[in-house]
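J.: So that we are looking at the same thing, I have put the structure below in structure tokens.
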4 protein chains.
Amino acid sequence: MTPQQKPVILSAPDPRSIDMIFTDAAKAELFRRYEVIEVSPDEVPGLPGPVLCRVDYVLGQPPIPAPTLAQMPRLKAVLNVESNLFPNMPYDELFRRGIHTLTTGAVFAEPVAEIGLAFALDLLRGVIDADRAFTEGRELWGFEGNREARLLSGADVGLIGFGDLGRAMRRVLEGFRTRIRVYDPWLPPSLIRDHGCQPAALDEVLGGSDVVFCVASVTGENEGFLGASHFARMRKGAAFILLSRAGVVNFDDLMAAVRSGHILAASDVFPQEPLPSDHPVRTLRGFLRSAHRAGALDVVMKRMGDMVLEDMALMDRGLPPQRCKRAERETASRMRSKPVDKT
Amino acid sequence: MTPQQKPVILSAPDPRSIDMIFTDAAKAELFRRYEVIEVSPDEVPGLPGPVLCRVDYVLGQPPIPAPTLAQMPRLKAVLNVESNLFPNMPYDELFRRGIHTLTTGAVFAEPVAEIGLAFALDLLRGVIDADRAFTEGRELWGFEGNREARLLSGADVGLIGFGDLGRAMRRVLEGFRTRIRVYDPWLPPSLIRDHGCQPAALDEVLGGSDVVFCVASVTGENEGFLGASHFARMRKGAAFILLSRAGVVNFDDLMAAVRSGHILAASDVFPQEPLPSDHPVRTLRGFLRSAHRAGALDVVMKRMGDMVLEDMALMDRGLPPQRCKRAERETASRMRSKPVDKT
Amino acid sequence: MTPQQKPVILSAPDPRSIDMIFTDAAKAELFRRYEVIEVSPDEVPGLPGPVLCRVDYVLGQPPIPAPTLAQMPRLKAVLNVESNLFPNMPYDELFRRGIHTLTTGAVFAEPVAEIGLAFALDLLRGVIDADRAFTEGRELWGFEGNREARLLSGADVGLIGFGDLGRAMRRVLEGFRTRIRVYDPWLPPSLIRDHGCQPAALDEVLGGSDVVFCVASVTGENEGFLGASHFARMRKGAAFILLSRAGVVNFDDLMAAVRSGHILAASDVFPQEPLPSDHPVRTLRGFLRSAHRAGALDVVMKRMGDMVLEDMALMDRGLPPQRCKRAERETASRMRSKPVDKT
Amino acid sequence: MTPQQKPVILSAPDPRSIDMIFTDAAKAELFRRYEVIEVSPDEVPGLPGPVLCRVDYVLGQPPIPAPTLAQMPRLKAVLNVESNLFPNMPYDELFRRGIHTLTTGAVFAEPVAEIGLAFALDLLRGVIDADRAFTEGRELWGFEGNREARLLSGADVGLIGFGDLGRAMRRVLEGFRTRIRVYDPWLPPSLIRDHGCQPAALDEVLGGSDVVFCVASVTGENEGFLGASHFARMRKGAAFILLSRAGVVNFDDLMAAVRSGHILAASDVFPQEPLPSDHPVRTLRGFLRSAHRAGALDVVMKRMGDMVLEDMALMDRGLPPQRCKRAERETASRMRSKPVDKT
């Protein structure tokens with residue numbers, strides 16, 4: 001195959017880079033299989049027709065104005081390597097033409113679920129406070145150090161949201177014989193049951209759980225949807241673990257519920273990132289903090305490149321992509337929020 | 001049934017108490033089904049023959065001299081509600097007569113495995129340091145906070161010991177797709193394989209794992225058997241999680257291996273408990289500390305009573321006990337070490 | 001809500017009927033939630049504009065000529081309750097407009113996988129011949145009756161195809177500790193690995209398995225793709241279980257491979273259905289026969305109605321369907337073969 | 001090590017032979033590790049003291065009169081490679097001395113569970129009759145051939161007995177999402193729950209199941225314990241699968257229940273083996289027959305040798321055996337029934 005016969009990728013993965021999302025081996029495969037035209041995102045609208053007309057894939061989510069898109073007759077997919085969609089290309093036209101918009105955010109599900117489980121165990125068993133007390137020579141031994149401790153095994157668990165992350169949470173909970181209730185209004189109840197969980201109303205999830213994992217995406221509709229009345233409904237001493245987006249909760253209400261001693265909480269996401277140095281959550285007892293670190297591992301980013309290569313291999317052969325998540329016509333517009341985070 | 005026809009329990013569960021190991025419901029059942037003679041342990045040797053000759057079960061491990069035992073013709077089992085055996089009764093004669101010595105330490109497997117998993121995740125992901133940094137306003141966001149972070153999913157895990165606790169560790173790891181190597185010279189390799197793990201030599205377990213859980217009992221033979229040369233064999237940056245008995249390791253060597261930066265460690269057990277206030281482990285970076293709290297939960301202790309009731313129900317009917325662990329003639333003497341802990 | 005405000009279903013589910021695919025409870029819900037206009041398929045092209053313009057869903061796959069479709073501005077989905085797509089509507093236009101073509105064939109995966117496992121066990125253990133021998137008073141007892149018997153537990157299993165049916169096969173094999181190799185060129189290898197199976201070339205699957213389950217759909221490209229050379233590659237005495245479509249194999253070659261004693265086989269599907277009364281497969285030893293009965297259970301058909309109701313509930317709210325399988329733009333045309341069967 | 005220093009095995013495994021239960025590799029290991037004295041069982045009582053006093057293990061269950069046993073001071077275990085215990089040695093003295101009586105019947109659990117699952121699926125789906133009808137040109141296609149067919153997935157399953165075989169049944173059922181009720185009066189309920197099953201009374205198991213697997217051993221107490229009234233309690237059309245011993249049921253009552261059309265049945269065991277050629281079960285419709293073939297596979301017998309080698313390796317080192325099942329003092333006498341079968 002001569003270079004010009006290889007499928008063509010227009011690469012503008014900012015704020016990622018090719019080196020960030022491809023291992024050395026994957027990068028070598030990328031350049032062996034494809035002609036890769038590397039540009040900065042803002043160059044895309046100005047690319048000449050003879051270039052655009054050869055493009056099979058766009059890697060990244062650069063602005064693609066309608067006239068630019070119209071000059072890309074071969075385009076099969078936009079491989080968006082962030083987790084959110086920017087409103088910088090005509091999605092309706094992409095859907096109309098059957099050009100896939102693919103996202104690779106599923107790579108974050110596993111690492112986030114892992115640390116989410118760690119947060120839950122740390123809160124239920126008082127791991128962090130006990131270590132700190134030990135450091136300071138005021139540790140309590142045996143039973144005396146376990147006055148508030150509870151088991152996760154056999155506990156009632158609630159999941160708010162059951163996308164990739166919710167399903168990954170269920171997997172890491174497999175060894176714990178928990179009863180899992182799921183609230184996800186975007187899914188058919190039987191699909192939740194197929195995963196061994198119980199579909200439930202939001203109130204049941206909040207009121208019937210020892211640990212609630214909030215793993216819902218922010219949409220235009222659920223901005224701040226969990227507030228004081230929701231936290232009040234939770235069991236005394238239950239743990240609320242926030243893993244998706246700070247925007248889903250009223251953060252002040254969450255802090256108040258922890259401050260009052262009603263619940264415990266952990267969060268990887270915050271209303272502002274970075275957070276002001278005097279933000280009260282920094283010293284709030286019963287609140288475990290993580291600076292948007294749950295998914296952002298180098299080894300995890302590299303899986304994006306693998307996903308992209310696998311799906312392009314299918315599309316090269318005229319087959320539909322199966323590895324990345326496809327944006328949906330019905331929900332793409334709801335997911336277009338500007339991300340607040342660096343992952 | 002008149003009271004005198006009920007089976008008779010001689011109860012001396014110190015340092016536990018009936019209220020500590022039975023729920024209210026279980027306690028009611030205990031007294032409904034049995035005649036319970038409550039004594040202090042040191043009273044047992046002096047009990048009169050007419051009492052001894054009616055005893056079906058001993059609850060606890062009071063001293064039982066041979067002449068006392070000889071006056072208990074109906075005795076079916078000593079239900080030892082601690083984890084170790086004291087050399088205060090003639091075990092050989094118990095075995096000869098078929099009197100079961102039953103221990104309830106299996107109740108600790110689940111809570112210890114849970115916190116062991118928490119320790120592993122906390123070390124691999126830097127959870128505790130990240131929270132502390134956040135408190136102090138010096139947190140690193142996203143990737144920058146994850147320079148050393150690693151996933152547990154897909155990692156190589158080693159287990160030293162595969163009794164109840166080792167098997168409970170395997171269960172809580174179920175959702176993580178780990179490869180688990182097990183060193184347990186007391187077990188047939190095929191039994192380890194039946195649990196989906198790989199039997200391996202100690203060196204393979206140490207050298208081939210990202211996380212090593214040490215869950216072996218102390219016996220006369222393995223006192224301090226893990227030392228500097230063993231820790232040196234571990235992978236750079238691997239985590240060593242000590243959950244069973246401090247006596248299994250050379251604690252100074254373990255601290256040295258952590259201090260040098262070669263490995264990370266967590267421990268629930270210590271050479272002295274409580275530990276001197278100036279012990280260097282208190283401030284050792286890379287070492288997560290827990291003051292013998294892993295198993296000592298009230299809810300866990302109550303399961304001992306349930307186990308005891310279930311096994312007595314079988315023995316009442318002439319059947320062998322199935323729920324508690326039976327001391328083995330071959331190994332009872334090896335397990336008789338005085339416990340260093342309060343669980 | 002007045003009747004005219006309910007969403008409107010144009011129902012033409014032939015050869016199914018509403019009573020065949022909905023339980024009584026589901027049917028009641030269908031009529032409560034929707035206005036159902038019941039027509040015969042051939043009436044659809046002639047329906048007047050004022051009816052067509054109110055239609056939200058088509059139930060069934062009646063002919064929908066382009067001009068008819070053009071008069072259905074509200075149409076959200078064609079809920080095809082068969083397993084194949086007829087070329088009787090302009091699929092390109094459906095895709096362009098974002099009208100989902102949904103199929104409910106996934107309901108068959110579980111019952112077909114169950115009977116597929118039964119076929120495999122029956123062949124490996126000689127169940128059917130042994131029962132027949134018993135009836136005829138010529139049974140062999142114990143070892144003598146097991147000369148050819150083999151275990152499925154721990155065996156090498158091959159799957160050709162890994163859609164819903166292949167995944168259901170994997171599930172029913174869960175308790176058997178088999179090593180499963182999968183050949184499915186339409187899927188990314190990592191997705192197969194995520195299910196705990198090994199992606200493999202067709203030759204590896206055929207040559208490395210004790211049992212091969214053929215669960216691939218027929219497409220224009222794989223018609224009769226498994227022939228004499230493939231069966232020759234199989235292990236001596238291995239079992240070939242055909243569960244999807246007879247068209248995938250050269251049936252004469254399959255029979256020849258069984259007749260020669262090289263392999264055993266079972267099939268639920270045949271080149272002609274019903275099969276001529278003198279077809280040689282009827283009396284072929286080593287070949288287990290099932291008259292296209294694997295999926296066709298009444299209780300299974302009723303699940304179609306449940307799936308349809310769940311996905312319409314989502315689409316009613318502007319959300320994408322999640323329960324039924326969506327036809328894909330890339331592969332719809334390949335799947336349009338006229339079905340040979342009654343399921 | 002010189003030959004005389006090797007541990008000594010007195011080998012009299014009749015009706016097995018060393019070649020029947022050891023693979024070539026295992027046999028080589030056996031002779032490398034041990035001095036093997038091969039005798040016929042009836043020679044054992046007459047062996048001279050100088051031979052007996054060197055014996056560490058007995059392989060098989062030859063008669064061992066008390067005076068013979070008294071001359072074997074080193075004896076650690078009797079490795080009985082059948083499934084039942086003959087009353088031909090002083091078991092009480094074996095227990096008193098701590099000599100293990102080990103049985104290897106657990107090897108049969110997996111193959112018997114496999115075929116038990118095949119029987120269940122065959123009965124629920126009519127596999128055998130459908131194949132026979134096909135042979136005879138009177139098959140019914142699709143739905144018409146499935147009038148009585150039912151799914152195992154999601155069904156209610158009952159287990160009578162939860163020893164090795166019951167647990168193996170549970171394992172092969174893993175992929176079927178069944179609800180499993182277990183009746184086993186020899187086990188504590190919580191142990192049954194630990195395996196994900198529901199402990200239940202016999203009536204609940206019989207009356208609440210779509211399939212009942214009878215996997216209980218025969219003891220002196222349960223001879224023929226399942227009779228007409230029990231089968232009458234079963235659900236109409238349910239399947240009763242007899243896998244352990246014919247003696248557990250009243251076989252005439254079982255046949256009557258099938259003949260009346262109330263239940264279906266399958267059995268691997270019969271009141272007489274071989275069975276008279278005119279026994280009515282041979283032609284009973286709705287009854288699937290297997291001539292005691294469920295466990296008797298060559299590959300399975302070879303696992304006995306592996307088990308024996310693993311446990312002797314532990315006992316050689318003074319450790320308790322872990323692989324074979326130990327006879328229990330309380331129940332040994334109940335299990336001593338003369339076996340009716342060849343396995």
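Please note that chains go A, B, ... in the order of the structure tokens, that every chain numbers its residues from 1, and that ligands are numbered from 1 in the order shown.
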Enumerate, as an MDAnalysis selection string, the complete set of residues in region 96-342 of chain A that a backbone-based DSSP assignment places in helix (DSSP H, G or I).
T.: chainID A and resid 96:97 105:125 127:135 142:146 164:172 174:176 189:194 202:207 228:233 246:248 251:259 280:283 298:316 332:335
J.: I need the chosen residues saved as a compact mmCIF listing (two decimals), in the first residue's frame, with C-alpha atoms.
T.:
# COMPACT_ATOMS: atom_id res chain seq x y z
CA ARG A 96 -27.64 12.59 9.35
CA ARG A 97 -24.59 11.46 7.40
CA GLY A 105 -14.33 8.22 28.45
CA ALA A 106 -15.07 4.59 29.28
CA VAL A 107 -11.37 4.20 30.09
CA PHE A 108 -11.96 6.15 33.27
CA ALA A 109 -14.61 3.79 34.62
CA GLU A 110 -12.23 1.24 36.08
CA PRO A 111 -9.80 3.57 37.87
CA VAL A 112 -12.61 5.72 39.20
CA ALA A 113 -14.52 2.70 40.47
CA GLU A 114 -11.41 1.43 42.24
CA ILE A 115 -10.81 4.64 44.12
CA GLY A 116 -14.54 4.95 44.79
CA LEU A 117 -14.43 1.60 46.55
CA ALA A 118 -11.38 2.73 48.49
CA PHE A 119 -13.24 5.88 49.59
CA ALA A 120 -16.21 3.80 50.75
CA LEU A 121 -14.07 1.39 52.75
CA ASP A 122 -12.00 4.24 54.19
CA LEU A 123 -15.11 6.02 55.41
CA LEU A 124 -16.87 2.93 56.77
CA ARG A 125 -13.79 1.70 58.60
CA VAL A 127 -8.96 4.12 57.90
CA ILE A 128 -7.62 7.61 57.38
CA ASP A 129 -8.45 9.01 60.79
CA ALA A 130 -7.01 5.90 62.42
CA ASP A 131 -3.74 6.29 60.54
CA ARG A 132 -3.56 9.95 61.44
CA ALA A 133 -4.28 9.19 65.09
CA PHE A 134 -1.51 6.61 65.02
CA THR A 135 0.92 9.13 63.66
CA GLY A 142 -8.99 -2.96 68.75
CA PHE A 143 -12.66 -2.46 69.59
CA GLU A 144 -12.04 0.97 71.03
CA GLY A 145 -10.85 2.14 67.66
CA ASN A 146 -13.93 0.72 65.94
CA ASP A 164 -19.83 2.75 32.29
CA LEU A 165 -18.84 4.00 35.72
CA GLY A 166 -21.86 2.59 37.50
CA ARG A 167 -21.23 -0.78 35.91
CA ALA A 168 -17.58 -0.66 36.91
CA MET A 169 -18.64 0.11 40.48
CA ARG A 170 -20.84 -2.96 40.41
CA ARG A 171 -17.87 -5.05 39.27
CA VAL A 172 -15.50 -3.96 42.03
CA GLU A 174 -18.68 -8.22 43.29
CA GLY A 175 -16.83 -9.78 46.18
CA PHE A 176 -18.89 -7.96 48.82
CA PRO A 189 -35.28 -1.40 34.37
CA SER A 190 -34.69 -4.87 32.94
CA LEU A 191 -31.19 -3.91 31.83
CA ILE A 192 -30.35 -2.93 35.40
CA ARG A 193 -31.74 -6.28 36.56
CA ASP A 194 -29.61 -8.06 33.98
CA LEU A 202 -34.07 8.06 43.70
CA ASP A 203 -35.66 8.20 47.15
CA GLU A 204 -35.27 4.47 47.63
CA VAL A 205 -31.63 4.65 46.62
CA LEU A 206 -30.94 7.49 49.02
CA GLY A 207 -32.99 6.20 51.92
CA ALA A 228 -30.32 19.26 51.34
CA SER A 229 -33.60 17.37 51.19
CA HIS A 230 -31.89 14.46 49.47
CA PHE A 231 -29.05 14.21 51.93
CA ALA A 232 -31.55 14.43 54.78
CA ARG A 233 -33.25 11.34 53.40
CA ALA A 246 -19.55 18.33 41.20
CA GLY A 247 -22.36 19.96 39.26
CA VAL A 248 -24.72 17.13 40.09
CA PHE A 251 -22.00 21.21 47.23
CA ASP A 252 -22.84 23.50 50.13
CA ASP A 253 -25.74 21.25 51.07
CA LEU A 254 -23.46 18.22 50.92
CA MET A 255 -20.95 19.86 53.23
CA ALA A 256 -23.71 20.88 55.61
CA ALA A 257 -25.00 17.31 55.78
CA VAL A 258 -21.51 16.10 56.67
CA ARG A 259 -20.86 18.93 59.12
CA PRO A 280 -14.21 25.00 54.02
CA VAL A 281 -14.23 21.45 52.63
CA ARG A 282 -10.48 21.34 53.20
CA THR A 283 -10.86 20.90 56.92
CA ASP A 298 -1.11 7.77 32.61
CA VAL A 299 -1.73 4.07 32.05
CA VAL A 300 -5.42 4.81 31.70
CA MET A 301 -4.95 7.51 29.08
CA LYS A 302 -2.98 5.10 26.95
CA ARG A 303 -6.02 2.85 26.70
CA MET A 304 -7.69 5.59 24.68
CA GLY A 305 -5.26 4.99 21.88
CA ASP A 306 -5.97 1.27 21.94
CA MET A 307 -9.71 1.90 21.74
CA VAL A 308 -9.29 4.29 18.86
CA LEU A 309 -7.12 1.82 16.93
CA GLU A 310 -9.57 -1.04 17.47
CA ASP A 311 -12.56 0.93 16.29
CA MET A 312 -10.78 2.40 13.28
CA ALA A 313 -9.78 -1.15 12.29
CA LEU A 314 -13.47 -2.05 12.18
CA MET A 315 -14.49 1.11 10.33
CA ASP A 316 -11.66 0.60 7.83
CA ALA A 332 -25.65 14.54 22.36
CA SER A 333 -26.94 18.04 22.97
CA ARG A 334 -27.51 17.31 26.65
CA MET A 335 -23.92 16.19 27.08
J.: Going by DSSP on the backbone, which bits of region 83-179 of chain A are strand (DSSP E or B)? Write them as a list in words, please.
T.: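 Put together, the selection reads His100, Thr101, Leu102, Thr103, Asp156, Val157, Gly158, Leu159, Ile160 and Arg179 of chain A.
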J.: For CA of Ala12 (chain A) and CA of Glu330 (chain A), quote the distance in Å rounded to one decimal.
T.: 26.1 Å
J.: I need the residue nearest Glu139 (chain D) from this list: C:Pro274, C:Pro73, C:Pro87, C:Gly295. Use only C-alpha atoms for the distance.
T.: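 With only C-alpha atoms as the atom set, the closest residue is C:Pro274.
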J.: Would you mind reading off the distance between CA of Leu187 (chain C) and CA of Thr104 (chain A), one decimal, in Å?
T.: 16.6 Å
